[in-house]
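Trainee: Before I ask anything, here is the structure I am working with.
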Amino acid sequence: MAQMKRTFRPGMMVTIGSFQWRILDVDSEADTALLIADNTDYAGPYHVKWGEVTWKTCTLREWLNGEFYESEFSEEEKKAIIEMNLENPNNPEYGTPGGNNPGNRLRLVAPVARLSQLLRRLCQ
């Protein structure tokens, strides 16, 4: 039986783990897609200690790419989640350094301008 390759488009919803994910962007050449969780129930802090912290050193990143990633996704799903090094810009409002650009499989949406651009395109 021939295996059919599914075509993904921005705006489509897919289920991965126990979450519904909205496709924001598709790169057909790289065979990748950018997804955002439709609903999450995480209510934890960005970091558990007061003081200087960057995305690379915060406890939220550690949880997302550690405990959450390991417990939420099957082995097959984990193979489809690629590690990416994305720009980690300085905070424009406070000037706080963004820090190094660590590899992430899961991350918070940033920069906000890029998210706004993708969401506007979905609404057209």
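In the structure tokens, each chain is lettered A, B, ... as it comes, each chain's residues begin at 1, and ligands are numbered from 1 in order of appearance.
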Please identify all polymer residues within 9 Å of Asn39 of chain A, counting only C-alpha atoms, omitting same-chain residues fewer than 6 positions from it, and present them as a list of chain:residue names.
Mentor: A:Phe19, A:Gln20, A:Trp21
Trainee: Determine, counting only C-alpha atoms, which protein, DNA and RNA residues have an atom within 7 Å of an atom of Asn104 of chain A; residues of the same chain fewer than 6 positions away are not included. Present the result as a PDB file with N, CA and C atoms, in the first residue's frame.
Mentor:
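Okay, around19.pdb is ready:
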```pdb
ATOM      1  N   ASN A  65      11.436  21.670  27.597  1.00  0.00           N
ATOM      2  CA  ASN A  65      12.299  20.805  26.799  1.00  0.00           C
ATOM      3  C   ASN A  65      12.770  19.564  27.559  1.00  0.00           C
ATOM      4  N   GLU A  83      14.994  20.131  16.710  1.00  0.00           N
ATOM      5  CA  GLU A  83      15.650  21.138  17.544  1.00  0.00           C
ATOM      6  C   GLU A  83      16.051  22.303  16.664  1.00  0.00           C
ATOM      7  N   MET A  84      15.759  23.495  17.137  1.00  0.00           N
ATOM      8  CA  MET A  84      16.074  24.689  16.359  1.00  0.00           C
ATOM      9  C   MET A  84      16.828  25.688  17.219  1.00  0.00           C
ATOM     10  N   ASN A  85      17.706  26.419  16.584  1.00  0.00           N
ATOM     11  CA  ASN A  85      18.363  27.556  17.218  1.00  0.00           C
ATOM     12  C   ASN A  85      17.713  28.803  16.653  1.00  0.00           C
TER      13      ASN A  85
END
```
Trainee: A:Glu29, A:Glu93, A:Glu75, A:Glu67: which is nearest Leu106 of chain A, counting only C-alpha atoms?
Mentor: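 Closest residue, counting only C-alpha atoms: A:Glu67.
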Trainee: Could you work out how far atom CA of Arg61 of chain A lies from atom CA of Asn101 of chain A, giving the answer in Å with one decimal?
Mentor: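 These two atoms are separated by 12.1 Å.
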Trainee: As an exercise, work out the distance from atom CA of Glu72 of chain A to atom CA of Gly17 of chain A in Å and give it to one decimal place.
Mentor: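 Result for atom CA of Glu72 of chain A versus atom CA of Gly17 of chain A: 5.5 Å, one decimal.
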Trainee: From the list A:Thr15, A:Thr54, A:Thr59, A:Ser74, which residue is nearest Pro89 of chain A when using only C-alpha atoms?
Mentor: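 Answer, going by the shortest atom-to-atom distance: A:Thr54.
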Trainee: For Asp27 of chain A, which residue among A:Thr7, A:Gly44, A:Val14, A:Glu76 is the nearest when counting only C-alpha atoms?
Mentor: A:Thr7
Trainee: Contacts of Arg105 of chain A at 12 Å or less, counting only C-alpha atoms, minus same-chain residues fewer than 3 places along, as a PyMOL selection string?
Mentor: chain A and resi 34-35+61-66+68-70+73+77-86+102+108
Trainee: At what distance in Å, to one decimal, does atom CA of Ser28 of chain A lie from atom CA of Pro10 of chain A?
Mentor: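 Separation between atom CA of Pro10 of chain A and atom CA of Ser28 of chain A: 11.6 Å.
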Trainee: Assign secondary structure with DSSP using the backbone only, and return the residues of segment 28-75 of chain A in alpha helix (DSSP H) as a list in words.
Mentor: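 Here are the alpha helix (DSSP H) residues of segment 28-75 of chain A: Thr59, Leu60, Arg61, Glu62, Trp63, Tyr69, Glu70, Ser71, Glu72 and Glu75 of chain A.
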Trainee: Please determine, counting only C-alpha atoms, which residue among A:Glu52, A:Asp25, A:Ile16, A:Thr57 has the shortest atom-to-atom distance to Asp38 of chain A.
Mentor: A:Ile16
